[in-house]
Number of protein chains: 2
Amino acid sequence: MKPQNRVIIENVTPEIDGGKYPAKRVVGQYVDIKAYVFADGHDVLGADVCYRHESEKNWQTTRLTELAELKSDIWVGRFLVEKQGYYYYKVRGWVDHALNWQHGIEKKVKDGQRVHVELWDGVQYIARLQKNKEANTVHKAYFAKLIDLFESAKEDETKYTEAVKEALSTTLHHIFEQYPFQQFVTEYDNSLSVYVDRKTALFSALYEFFPRSASQEAGKHGTFKDCERLLPRVADMGFDTLYFPPVHPIGVAHRKGKNNATTAQAGDVGSPWAIGGKEGGHKDIHPELGTLEDFKSLIKTAESYGIEVAMDYALQCSPDHPYVTEHPAWFKWRPDGTVQYAENPPKKYQDILPIYFETEDWKALWDELLSILLYWCEVGIKVFRVDNPHTKAFVFWEWAIAEVKKKYPDTLFLSEAFTRPKVTHKLAKAGFTQAYTYYTWRNSKQELIQYMTELTQGAEKDFFRPNFWPNTPDINPYILQGGNEALMLIRYFMAATLSSNYGVYGPVYEFNVHAAVPGKEEYLDSEKYDVKLWDWNKQTKISVLMKLVNKARRENSALQETNNFVNCPIQDEQLFAYYKGSQDGKNHVICAVNLDPYNRRGGTLQVPIHLMNIAQHETYVVHDILTGNSYHWRGEYNFVELDPYFLPFHLFVVERLR
Amino acid sequence: MKPQNRVIIENVTPEIDGGKYPAKRVVGQYVDIKAYVFADGHDVLGADVCYRHESEKNWQTTRLTELAELKSDIWVGRFLVEKQGYYYYKVRGWVDHALNWQHGIEKKVKDGQRVHVELWDGVQYIARLQKNKEANTVHKAYFAKLIDLFESAKEDETKYTEAVKEALSTTLHHIFEQYPFQQFVTEYDNSLSVYVDRKTALFSALYEFFPRSASQEAGKHGTFKDCERLLPRVADMGFDTLYFPPVHPIGVAHRKGKNNATTAQAGDVGSPWAIGGKEGGHKDIHPELGTLEDFKSLIKTAESYGIEVAMDYALQCSPDHPYVTEHPAWFKWRPDGTVQYAENPPKKYQDILPIYFETEDWKALWDELLSILLYWCEVGIKVFRVDNPHTKAFVFWEWAIAEVKKKYPDTLFLSEAFTRPKVTHKLAKAGFTQAYTYYTWRNSKQELIQYMTELTQGAEKDFFRPNFWPNTPDINPYILQGGNEALMLIRYFMAATLSSNYGVYGPVYEFNVHAAVPGKEEYLDSEKYDVKLWDWNKQTKISVLMKLVNKARRENSALQETNNFVNCPIQDEQLFAYYKGSQDGKNHVICAVNLDPYNRRGGTLQVPIHLMNIAQHETYVVHDILTGNSYHWRGEYNFVELDPYFLPFHLFVVERLR
């Protein structure tokens with residue numbers, strides 16, 4: 001920066017930890033830039049953002065404009081990201097003496113001042129434009145005329161009026177803007193970037209089931225072939241990602257019995273998260289599920305249905321895992337010669353050995369763990385749901401995710417870290433594409449509004465992509481344990497419409513199973529330790545609604561983003577409503593939810609009509625695309641009523657009549 | 001950082017712009033450190049802050065502790081700064097396996113688990129301590145005993161109980177803390193610093209008058225000798241800094257007449273801010289005030305009264321300034337051959353030429369402007385009140401202030417920038433010690449609470465030191481124009497007790513002069529363009545209160561800080577109360593102000609007794625040190641009543657009875 005640079009640039013957003021981490025976007029999204037840009041004194045400034053994809057050499061430029069508020073010093077602009085990978089961007093600012101000159105004349109003329117010398121002074125700005133080859137080719141004659149006018153106006157009063165008119169013209173203003181006066185340009189200190197993923201990173205619907213429960217026959221262990229037969233069902237319900245708990249060999253030593261019993265009985269299948277046995281480890285398939293070929297076939301068939309298979313990446317080993325003998329340095333050993341099992345005192349997890357990330361043999365360890373990911377990428381996996389990433393070293397994730405993305409940029413990582421905010425945010429910064437969230441426990445209207453505001457307007461909005469789950473095999477939330485079918489519908493509906501990424505632990509949800517281990521948020525007779533027989537031919541009200549909601553999500557781009565959430569005030573403490581508008585301004589959705597699963601409730605909803613350019617007394621139509629009903633609404637305040645025994649929510653698409 | 005490092009450190013405060021600028025403190029203050037420190041998993045962590053003065057080589061260390069809240073991940077600590085200049089500090093964190101081992105045993109024992117192997121495992125942590133020379137010298141026998149116990153407990157049940165007891169002992173805990181297990185230590189990325197000033201930077205009371213009005217005779221231009229005669233008066237009132245508008249030669253060309261008239265009449269003295277004439281420029285003394293020797297004598301005599309003379313540093317020139325002919329490149333020229341005068345269209349300031357900071361001759365310009373400061377430092381000036389710094393380049397200030405401080409570290413810079421927040425903050429970051437504020441226009445209770453909260457709890461608290469002024473020669477605030485003596489008292493009192501730095505444009509304030517130019521916040525017949533005759537022998541109620549308040553400020557260290565402001569809820573919308581406690585916890589002050597200058601008001605004040613360790617039903621005494629009255633209060637809620645015609649405020653010092 002030169003000593004004559006007068007412009008200061010501060011607080012650019014998005015900026016994650018001073019530029020240490022990239023912001024996140026998907027292909028086709030805008031990056032909204034905001035920055036403080038100011039200088040000493042009162043001169044008119046110019047500012048822009050320069051950006052380029054990592055594969056490009058040249059910077060593209062788009063202008064920033066100052067927020068309309070009086071002297072906010074806040075400048076905004078946006079650019080579109082169209083390719084996967086990194087985009088770099090930098091914000092610049094300068095004193096625009098040409099625009100300043102024009103602005104000064106404008107104010108002085110308004111004040112009744114004579115501006116002969118000022119006009120004359122303007123010659124320098126036109127002369128500067130003349131030196132710009134492109135500008136001068138287009139505007140040669142115009143420039144010459146202006147110079148003549150500005151110079152002669154000082155002596156020739158007949159030319160003065162015309163000179164003032166020309167000096168203030170919007171034509172000249174636009175030329176000044178197109179070819180800005182950039183004598184001393186300040187560039188923001190930190191180098192910033194955004195990482196762009198494929199669209200699925202922001203818009204996906206996950207269905208989870210245990211492949212071993214995919215069989216249609218009692219007492220039979222499900223296989224990948226069984227899973228393949230269920231694909232049409234999953235596709236018909238509109239899910240695009242099918243997530244399986246680990247499919248690797250399960251350990252025998254310290255295997256857990258049914259209901260998490262410390263000792264397994266004969267025939268107990270164990271937890272699929274206790275990975276590794278004599279049949280192999282993380283790169284192997286549990287024999288009872290089938291072969292690698294079966295798995296490949298499943299992935300391929302799924303693809304033909306528009307479904308991606310998500311794999312569980314769980315970095316822990318059963319005591320029988322080959323790593324234990326092959327790489328003892330990767331585990332922590334106790335003085336009695338046993339390996340340290342996982343524990344969070346006083347809790348013990350004897351069927352699982354944690355990886356020892358502080359090992360001196362870290363290099364070989366990291367390489368092997370990465371090779372697992374690369375192996376399955378090669379097989380065709382594009383989505384990894386990562387089990388408890390918050391109990392493994394952050395630096396490892398930062399490295400491993402980057403390495404995978406170099407080779408397989410389509411790969412997405414879903415972080416299953418139900419832990420403190422700072423930890424979940426750090427994982428997101430380290431590269432996780434999406435994350436499980438606290439949605440599972442945000443139940444009241446106030447909690448939901450506050451949480452959505454945090455996620456979509458807090459600092460994390462640019463790097464933490466939420467994925468909402470009403471339940472998981474690990475979490476049978478208290479609220480659902482006591483709830484009726486309406487409540488199951490409500491919790492599902494909000495997950496799928498508040499967040500553009502969501503998932504559901506499917507069969508128990510569809511079939512409204514919610515018996516719990518008393519006092520715990522655990523499913524009774526949990527599938528984690530057992531094989532279940534589900535009636536996969538059954539359709540429930542919940543299944544039908546899932547299909548309708550997924551269809552609505554696909555057809556309405558407003559539901560394909562999360563940060564566009566806008567709370568709509570509604571006069572009932574159990575009614576919750578929100579608006580979402582698509583980036584292109586064409587699709588407008590309003591969701592209204594009755595959080596009370598037992599009583600019909602009504603209230604007046606305040607529609608954010610200004611976001612849809614609807615006038616105060618304008619009539620428009622809202623179509624409930626779940627029921628097919630339409631209503632004529634008018635202006636800002638409109639009444640809604642919801643009966644939970646019929647349907648506890650509306651999913652309105654707004655249609656303007658003119 | 002090693003790949004095995006598991007601890008993450010984020011969001012350290014104080015941190016200004018990623019460490020680009022230092023935080024600010026004065027000698028004897030604490031630097032309170034706060035940081036997010038966390039790791040993967042559930043292990044016990046340790047963290048500390050290392051700090052050193054720029055003159056020292058070795059780092060000192062003080063431990064951070066996690067905030068008591070459950071798993072906040074927020075760690076805090078503090079260190080004292082005792083010398084002027086830069087201190088550097090860095091935050092570090094590590095997994096403390098020794099403490100983690102102890103904590104694990106504690107939880108398991110509580111849970112009724114047997115811990116033979118765990119005890120045995122502890123041998124490694126004791127062995128590690130044995131290798132620490134210092135630790136082993138003190139605890140040699142103890143360590144040997146522990147190792148024996150932990151090893152033998154696994155076979156000898158009689159030793160088990162004792163081994164557990166020793167493993168959990170606080171003695172061992174303290175030794176672990178004193179010699180922490182620091183295998184992989186993470187250090188925070190950004191290098192941080194704090195700049196420490198002398199105490200006056202945080203605690204000062206400024207009195208401003210125009211030296212040309214110091215005469216006691218009608219029609220006579222005041223001199224430095226006259227000013228010298230007024231020193232006992234200023235000292236008696238308890239002010240420690242005497243600030244004069246510019247004392248340099250005043251230009252004749254385009255000199256302003258009385259009441260800011262564009263054309264001066266014969267005998268008009270002009271604005272002292274139109275610096276420079278045939279008698280010289282910024283390094284010269286206006287002949288009518290006296291000689292350089294007179295000025296030096298004034299500074300010296302003032303010193304003997306404990307008063308520092310603050311000089312006005314106003315970087316602008318009258319058209320007669322020698323720079324105009326000697327350095328034409330330092331000004332902007334218009335095509336008609338005239339120099340561009342100051343303007344903010346449509347406003348014109350023809351008696352003032354701005355400096356052209358974009359000049360190619362910037363190096364010579366900067367050197368000259370710096371030499372002005374160094375010249376007056378050499379003469380004995382330690383405080384510069386800088387006129388409109390926001391209309392000069394920020395980079396210049398950053399450089400110039402740093403250069404002055406290298407040679408004269410005692411020098412303080414007060415920024416007179418009444419402009420947008422981002423600009424005033426940037427000047428503070430660039431090195432200004434203190435700043436004028438919006439206090440002058442914060443009148444209502446809500447405005448005052450909000451502004452104080454912003455200043456003392458917002459990000460600026462670590463770099464922006466407010467200086468509160470109820471008025472200045474440029475600002476006769478609307479609220480005072482219509483106010484009575486009580487209001488003058490109120491606005492003065494709050495300036496002096498809310499902020500530890502404050503100033504007052506003295507004579508008009510003491511003598512309750514507030515006639516204004518109609519519709520403007522300008523004094524009528526402003527002293528800026530005139531010589532005034534004040535009755536310097538007069539004492540008013542306001543003068544007396546100034547003396548009492550200044551005395552209270554000197555005697556109560558709680559009033560010598562600003563960031564210790566705590567609002568005290570009080571049940572009346574015109575009653576405003578606040579608590580301030582000293583850093584050492586010994587001095588407690590409560591101010592209660594009636595903002596209504598016309599009516600007696602009473603209300604119940606909520607005393608922050610928890611900050612004084614006063615119990616809910618405890619009786620204590622509050623002494624009003626302005627009136628000498630004392631009251632017995634009890635517990636949290638106490639009644640106050642204030643009659644503005646007597647005194648619109650209390651200044652209580654709290655005394656505990658036990």
# chains A, B, ... in the order shown; residues from 1 in each chain; ligands from 1
call {"tool": "residues_around", "arguments": {"residues": "Thr301 in chain B", "least_positions_apart": "3", "cutoff": "12 Å", "atoms": "only C-alpha atoms", "output": "JSON, numbers by chain"}}
result
{"B": [224, 225, 227, 228, 229, 230, 231, 232, 235, 294, 295, 296, 297, 298, 304, 305, 306, 307, 308, 309, 380]}
call {"tool": "select_by_dssp", "arguments": {"residues": "range 126-325 of chain B", "states": "strand (DSSP E)", "output": "list of chain:residue names"}}
result
B:Thr186, B:Glu187, B:Leu192, B:Ser193, B:Val194, B:Tyr195, B:Val196, B:Asp197, B:Ser204, B:Ala205, B:Leu206, B:Tyr207, B:Glu208, B:Thr241, B:Leu242, B:Tyr243, B:Glu308, B:Val309, B:Ala310, B:Met311, B:Asp312, B:Tyr313, B:Gln316, B:Cys317
call {"tool": "residues_around", "arguments": {"residues": "Asn594 in chain A", "least_positions_apart": "5", "cutoff": "10 Å", "atoms": "only C-alpha atoms", "output": "PyMOL selection string"}}
result
chain A and resi 445+486-487+490+572-577+599-602+640-644+647-650
call {"tool": "write_last_selection", "arguments": {"atoms": "N, CA and C atoms", "output": "tab-separated table (two decimals), in the first residue's frame"}}
result
chain	number	residue	atom	x	y	z
A	445	LYS	N	-41.49	-22.79	20.19
A	445	LYS	CA	-41.43	-21.76	19.16
A	445	LYS	C	-40.23	-20.85	19.38
A	486	ALA	N	-49.24	-36.88	15.14
A	486	ALA	CA	-49.16	-35.49	14.70
A	486	ALA	C	-47.81	-34.89	15.05
A	487	LEU	N	-47.31	-35.22	16.23
A	487	LEU	CA	-46.02	-34.67	16.64
A	487	LEU	C	-44.90	-35.22	15.77
A	490	ILE	N	-45.03	-33.19	12.71
A	490	ILE	CA	-44.55	-31.82	12.93
A	490	ILE	C	-43.03	-31.78	12.93
A	572	ASP	N	-49.86	-16.60	18.16
A	572	ASP	CA	-50.20	-17.73	19.01
A	572	ASP	C	-48.89	-18.36	19.40
A	573	GLU	N	-48.72	-18.65	20.68
A	573	GLU	CA	-47.40	-19.11	21.13
A	573	GLU	C	-47.08	-20.51	20.66
A	574	GLN	N	-48.06	-21.22	20.10
A	574	GLN	CA	-47.81	-22.56	19.59
A	574	GLN	C	-47.85	-22.60	18.06
A	575	LEU	N	-48.09	-21.47	17.44
A	575	LEU	CA	-48.03	-21.43	15.98
A	575	LEU	C	-46.71	-20.81	15.57
A	576	PHE	N	-46.07	-21.44	14.62
A	576	PHE	CA	-44.73	-21.04	14.17
A	576	PHE	C	-44.80	-20.96	12.65
A	577	ALA	N	-44.35	-19.85	12.09
A	577	ALA	CA	-44.43	-19.70	10.64
A	577	ALA	C	-43.15	-19.08	10.11
A	599	ASN	N	-54.30	-29.84	19.87
A	599	ASN	CA	-55.40	-28.88	19.76
A	599	ASN	C	-55.34	-28.08	18.48
A	600	ARG	N	-56.51	-27.83	17.95
A	600	ARG	CA	-56.64	-26.95	16.81
A	600	ARG	C	-56.28	-25.53	17.27
A	601	ARG	N	-55.49	-24.83	16.46
A	601	ARG	CA	-55.11	-23.48	16.84
A	601	ARG	C	-55.16	-22.56	15.62
A	602	GLY	N	-55.51	-21.31	15.86
A	602	GLY	CA	-55.56	-20.33	14.78
A	602	GLY	C	-54.90	-19.05	15.21
A	640	VAL	N	-54.60	-18.02	9.75
A	640	VAL	CA	-54.45	-19.45	9.46
A	640	VAL	C	-54.95	-20.25	10.66
A	641	GLU	N	-55.45	-21.44	10.36
A	641	GLU	CA	-55.92	-22.31	11.42
A	641	GLU	C	-55.44	-23.72	11.09
A	642	LEU	N	-54.94	-24.44	12.10
A	642	LEU	CA	-54.40	-25.76	11.84
A	642	LEU	C	-54.91	-26.78	12.85
A	643	ASP	N	-55.45	-27.86	12.29
A	643	ASP	CA	-55.97	-28.95	13.12
A	643	ASP	C	-54.96	-30.11	13.06
A	644	PRO	N	-54.30	-30.41	14.16
A	644	PRO	CA	-53.23	-31.41	14.12
A	644	PRO	C	-53.72	-32.81	13.74
A	647	LEU	N	-53.97	-32.08	9.61
A	647	LEU	CA	-52.59	-31.84	9.21
A	647	LEU	C	-52.08	-30.64	10.02
A	648	PRO	N	-51.01	-30.82	10.78
A	648	PRO	CA	-50.58	-29.73	11.67
A	648	PRO	C	-49.76	-28.64	10.97
A	649	PHE	N	-49.76	-28.62	9.65
A	649	PHE	CA	-48.99	-27.57	8.96
A	649	PHE	C	-49.55	-27.28	7.58
A	650	HIS	N	-49.25	-26.06	7.14
A	650	HIS	CA	-49.46	-25.66	5.74
A	650	HIS	C	-48.11	-25.53	5.08
call {"tool": "interface_residues", "arguments": {"of": "chain A", "to": "chain B", "cutoff": "8 Å", "atoms": "only C-alpha atoms", "output": "PyMOL selection string"}}
result
chain A and resi 3-6+18+36+38-42+71+73+104+107-108+111+117+120-121+334-336+344-346+357-359+362+390-396+420+422-423
call {"tool": "write_last_selection", "arguments": {"atoms": "C-alpha atoms", "output": "PDB file, in the first residue's frame"}}
result
ATOM      1  CA  PRO A   3       1.589   6.112   1.793  1.00  0.00           C
ATOM      2  CA  GLN A   4      -0.905   8.172  -0.168  1.00  0.00           C
ATOM      3  CA  ASN A   5      -3.582   5.498   0.126  1.00  0.00           C
ATOM      4  CA  ARG A   6      -6.392   6.978   2.129  1.00  0.00           C
ATOM      5  CA  GLY A  18      -9.122 -13.911   9.312  1.00  0.00           C
ATOM      6  CA  TYR A  36     -16.505  -1.337   5.923  1.00  0.00           C
ATOM      7  CA  PHE A  38     -14.154   4.563   4.377  1.00  0.00           C
ATOM      8  CA  ALA A  39     -11.540   7.264   4.129  1.00  0.00           C
ATOM      9  CA  ASP A  40     -10.545  10.416   5.908  1.00  0.00           C
ATOM     10  CA  GLY A  41     -12.554  13.474   4.943  1.00  0.00           C
ATOM     11  CA  HIS A  42     -15.690  13.617   2.848  1.00  0.00           C
ATOM     12  CA  LYS A  71     -22.963   7.384   5.879  1.00  0.00           C
ATOM     13  CA  ASP A  73     -19.604   3.149   5.615  1.00  0.00           C
ATOM     14  CA  GLY A 104     -19.191  18.618  -5.490  1.00  0.00           C
ATOM     15  CA  LYS A 107     -24.078  20.269  -4.327  1.00  0.00           C
ATOM     16  CA  LYS A 108     -22.652  23.675  -5.138  1.00  0.00           C
ATOM     17  CA  ASP A 111     -26.694  25.786  -3.225  1.00  0.00           C
ATOM     18  CA  VAL A 117     -13.278  27.098 -11.701  1.00  0.00           C
ATOM     19  CA  TRP A 120     -12.334  24.034 -15.570  1.00  0.00           C
ATOM     20  CA  ASP A 121     -10.901  21.703 -12.933  1.00  0.00           C
ATOM     21  CA  ARG A 334      -2.192 -49.983  29.540  1.00  0.00           C
ATOM     22  CA  PRO A 335       0.495 -51.267  31.915  1.00  0.00           C
ATOM     23  CA  ASP A 336      -1.275 -54.637  32.128  1.00  0.00           C
ATOM     24  CA  ASN A 344     -15.623 -41.103  29.258  1.00  0.00           C
ATOM     25  CA  PRO A 345     -15.379 -41.846  32.977  1.00  0.00           C
ATOM     26  CA  PRO A 346     -17.325 -43.331  34.575  1.00  0.00           C
ATOM     27  CA  PHE A 357      -3.860 -39.684  17.538  1.00  0.00           C
ATOM     28  CA  GLU A 358      -0.920 -38.588  19.671  1.00  0.00           C
ATOM     29  CA  THR A 359       1.112 -41.565  18.423  1.00  0.00           C
ATOM     30  CA  TRP A 362       1.002 -40.529  13.130  1.00  0.00           C
ATOM     31  CA  HIS A 390     -15.198 -34.575  17.643  1.00  0.00           C
ATOM     32  CA  THR A 391     -13.334 -37.387  19.385  1.00  0.00           C
ATOM     33  CA  LYS A 392     -10.611 -37.405  16.728  1.00  0.00           C
ATOM     34  CA  ALA A 393      -7.943 -34.749  16.195  1.00  0.00           C
ATOM     35  CA  PHE A 394      -9.120 -31.646  14.266  1.00  0.00           C
ATOM     36  CA  VAL A 395      -5.858 -31.323  12.324  1.00  0.00           C
ATOM     37  CA  PHE A 396      -6.355 -34.794  10.951  1.00  0.00           C
ATOM     38  CA  ARG A 420     -20.525 -28.054  22.239  1.00  0.00           C
ATOM     39  CA  LYS A 422     -17.311 -24.268  19.468  1.00  0.00           C
ATOM     40  CA  VAL A 423     -16.332 -27.855  18.692  1.00  0.00           C
TER      41      VAL A 423
END
call {"tool": "residues_around", "arguments": {"residues": "Gly277 in chain A", "least_positions_apart": "3", "cutoff": "10 Å", "atoms": "only C-alpha atoms", "output": "PyMOL selection string"}}
result
chain A and resi 248-253+274+280-282+284+286+317-323
call {"tool": "write_last_selection", "arguments": {"atoms": "all heavy atoms", "output": "short mmCIF file (atom, residue, chain, number, x, y, z; two decimals), in the first residue's frame"}}
result
data_model
loop_
_atom_site.label_atom_id
_atom_site.label_comp_id
_atom_site.auth_asym_id
_atom_site.auth_seq_id
_atom_site.Cartn_x
_atom_site.Cartn_y
_atom_site.Cartn_z
N HIS A 248 -19.06 -52.87 7.74
CA HIS A 248 -17.83 -53.65 7.83
C HIS A 248 -18.00 -54.81 8.82
O HIS A 248 -18.96 -54.84 9.58
CB HIS A 248 -16.69 -52.74 8.26
CG HIS A 248 -16.63 -51.47 7.50
ND1 HIS A 248 -16.49 -51.43 6.13
CD2 HIS A 248 -16.76 -50.18 7.89
CE1 HIS A 248 -16.50 -50.17 5.72
NE2 HIS A 248 -16.68 -49.39 6.77
N PRO A 249 -17.01 -55.74 8.82
CA PRO A 249 -17.06 -56.84 9.80
C PRO A 249 -17.18 -56.29 11.22
O PRO A 249 -16.63 -55.24 11.55
CB PRO A 249 -15.70 -57.54 9.60
CG PRO A 249 -15.33 -57.23 8.18
CD PRO A 249 -15.86 -55.88 7.90
N ILE A 250 -17.93 -57.02 12.05
CA ILE A 250 -18.17 -56.59 13.43
C ILE A 250 -17.37 -57.47 14.37
O ILE A 250 -17.32 -58.70 14.20
CB ILE A 250 -19.68 -56.69 13.75
CG1 ILE A 250 -20.46 -55.74 12.84
CG2 ILE A 250 -19.96 -56.41 15.22
CD1 ILE A 250 -21.97 -55.92 12.89
N GLY A 251 -16.73 -56.86 15.36
CA GLY A 251 -15.89 -57.59 16.29
C GLY A 251 -16.69 -58.54 17.18
O GLY A 251 -17.89 -58.37 17.39
N VAL A 252 -15.97 -59.53 17.70
CA VAL A 252 -16.61 -60.52 18.57
C VAL A 252 -16.23 -60.22 20.03
O VAL A 252 -17.06 -60.33 20.93
CB VAL A 252 -16.15 -61.94 18.17
CG1 VAL A 252 -16.68 -62.96 19.17
CG2 VAL A 252 -16.65 -62.26 16.75
N ALA A 253 -14.97 -59.84 20.26
CA ALA A 253 -14.51 -59.58 21.63
C ALA A 253 -15.32 -58.43 22.23
O ALA A 253 -15.50 -57.39 21.59
CB ALA A 253 -13.03 -59.21 21.60
N ALA A 274 -18.75 -51.33 16.10
CA ALA A 274 -17.58 -52.01 16.65
C ALA A 274 -16.89 -52.69 15.46
O ALA A 274 -17.05 -53.88 15.21
CB ALA A 274 -18.00 -53.02 17.70
N GLY A 280 -11.78 -58.88 8.58
CA GLY A 280 -11.16 -57.66 8.06
C GLY A 280 -11.59 -56.41 8.79
O GLY A 280 -12.26 -56.49 9.83
N GLY A 281 -11.22 -55.27 8.21
CA GLY A 281 -11.46 -54.00 8.89
C GLY A 281 -12.27 -53.03 8.06
O GLY A 281 -13.26 -53.40 7.43
N HIS A 282 -11.81 -51.76 8.05
CA HIS A 282 -12.58 -50.67 7.45
C HIS A 282 -12.70 -50.75 5.93
O HIS A 282 -13.51 -50.03 5.35
CB HIS A 282 -11.97 -49.32 7.84
CG HIS A 282 -12.28 -48.91 9.26
ND1 HIS A 282 -11.67 -49.48 10.36
CD2 HIS A 282 -13.15 -47.99 9.76
CE1 HIS A 282 -12.13 -48.92 11.47
NE2 HIS A 282 -13.03 -48.01 11.14
N ASP A 284 -13.29 -53.61 4.43
CA ASP A 284 -13.95 -54.89 4.13
C ASP A 284 -15.45 -54.83 4.41
O ASP A 284 -15.92 -53.92 5.10
CB ASP A 284 -13.30 -56.00 4.95
CG ASP A 284 -11.83 -56.14 4.60
OD1 ASP A 284 -11.53 -56.57 3.48
OD2 ASP A 284 -11.00 -55.74 5.45
N HIS A 286 -18.91 -56.70 5.77
CA HIS A 286 -19.43 -57.71 6.70
C HIS A 286 -20.02 -58.85 5.87
O HIS A 286 -20.95 -58.63 5.09
CB HIS A 286 -20.51 -57.06 7.56
CG HIS A 286 -21.00 -57.95 8.66
ND1 HIS A 286 -20.16 -58.57 9.56
CD2 HIS A 286 -22.26 -58.30 9.02
CE1 HIS A 286 -20.87 -59.26 10.42
NE2 HIS A 286 -22.15 -59.12 10.12
N CYS A 317 -12.03 -49.08 16.47
CA CYS A 317 -11.80 -50.48 16.15
C CYS A 317 -12.35 -51.38 17.25
O CYS A 317 -12.26 -51.05 18.43
CB CYS A 317 -10.30 -50.74 16.04
SG CYS A 317 -9.55 -49.79 14.72
N SER A 318 -12.87 -52.50 16.83
CA SER A 318 -13.18 -53.53 17.81
C SER A 318 -11.84 -54.14 18.22
O SER A 318 -10.84 -54.02 17.49
CB SER A 318 -14.10 -54.58 17.20
OG SER A 318 -13.37 -55.74 16.89
N PRO A 319 -11.80 -54.77 19.41
CA PRO A 319 -10.52 -55.39 19.83
C PRO A 319 -10.02 -56.42 18.83
O PRO A 319 -8.85 -56.78 18.85
CB PRO A 319 -10.88 -56.02 21.17
CG PRO A 319 -12.06 -55.25 21.68
CD PRO A 319 -12.84 -54.88 20.45
N ASP A 320 -10.89 -56.89 17.93
CA ASP A 320 -10.49 -57.90 16.94
C ASP A 320 -10.00 -57.31 15.63
O ASP A 320 -9.69 -58.04 14.69
CB ASP A 320 -11.69 -58.81 16.62
CG ASP A 320 -12.28 -59.43 17.86
OD1 ASP A 320 -11.51 -59.75 18.78
OD2 ASP A 320 -13.52 -59.60 17.90
N HIS A 321 -9.96 -55.99 15.55
CA HIS A 321 -9.59 -55.33 14.29
C HIS A 321 -8.14 -55.67 13.93
O HIS A 321 -7.27 -55.67 14.80
CB HIS A 321 -9.75 -53.82 14.44
CG HIS A 321 -9.81 -53.08 13.15
ND1 HIS A 321 -8.74 -52.98 12.29
CD2 HIS A 321 -10.83 -52.39 12.56
CE1 HIS A 321 -9.08 -52.24 11.23
NE2 HIS A 321 -10.36 -51.87 11.36
N PRO A 322 -7.86 -55.97 12.67
CA PRO A 322 -6.49 -56.30 12.28
C PRO A 322 -5.47 -55.23 12.67
O PRO A 322 -4.31 -55.55 12.94
CB PRO A 322 -6.58 -56.41 10.75
CG PRO A 322 -8.01 -56.68 10.43
CD PRO A 322 -8.81 -56.08 11.54
N TYR A 323 -5.88 -53.97 12.71
CA TYR A 323 -4.93 -52.90 13.08
C TYR A 323 -4.27 -53.17 14.43
O TYR A 323 -3.13 -52.79 14.66
CB TYR A 323 -5.65 -51.55 13.19
CG TYR A 323 -6.09 -50.91 11.89
CD1 TYR A 323 -7.02 -49.87 11.91
CD2 TYR A 323 -5.55 -51.29 10.65
CE1 TYR A 323 -7.43 -49.25 10.74
CE2 TYR A 323 -5.96 -50.68 9.48
CZ TYR A 323 -6.90 -49.65 9.52
OH TYR A 323 -7.31 -49.03 8.38
#
call {"tool": "select_by_dssp", "arguments": {"residues": "range 106-327 of chain B", "states": "helix (DSSP H, G or I)", "output": "count of residues only"}}
result
103
call {"tool": "residues_around", "arguments": {"residues": "Val404 in chain A", "least_positions_apart": "3", "cutoff": "9 Å", "atoms": "only C-alpha atoms", "output": "PyMOL selection string"}}
result
chain A and resi 370+373-374+377+399-401+407-409+411
call {"tool": "atom_distance", "arguments": {"atom1": "CA of Ile147 in chain A", "atom2": "CA of Glu134 in chain A"}}
result
18.1 Å
call {"tool": "residues_around", "arguments": {"residues": "Thr562 in chain B", "least_positions_apart": "5", "cutoff": "9 Å", "atoms": "only C-alpha atoms", "output": "list in words"}}
result
Leu202, Phe203, Met452, Leu455, Thr456, Arg465, Pro466, Thr497, Leu498, Ser499, Ser500, Asn501 and Lys580 of chain B
call {"tool": "residues_around", "arguments": {"residues": "Gln571 in chain A", "least_positions_apart": "5", "cutoff": "7 Å", "atoms": "only C-alpha atoms", "output": "PyMOL selection string"}}
result
chain A and resi 603-605
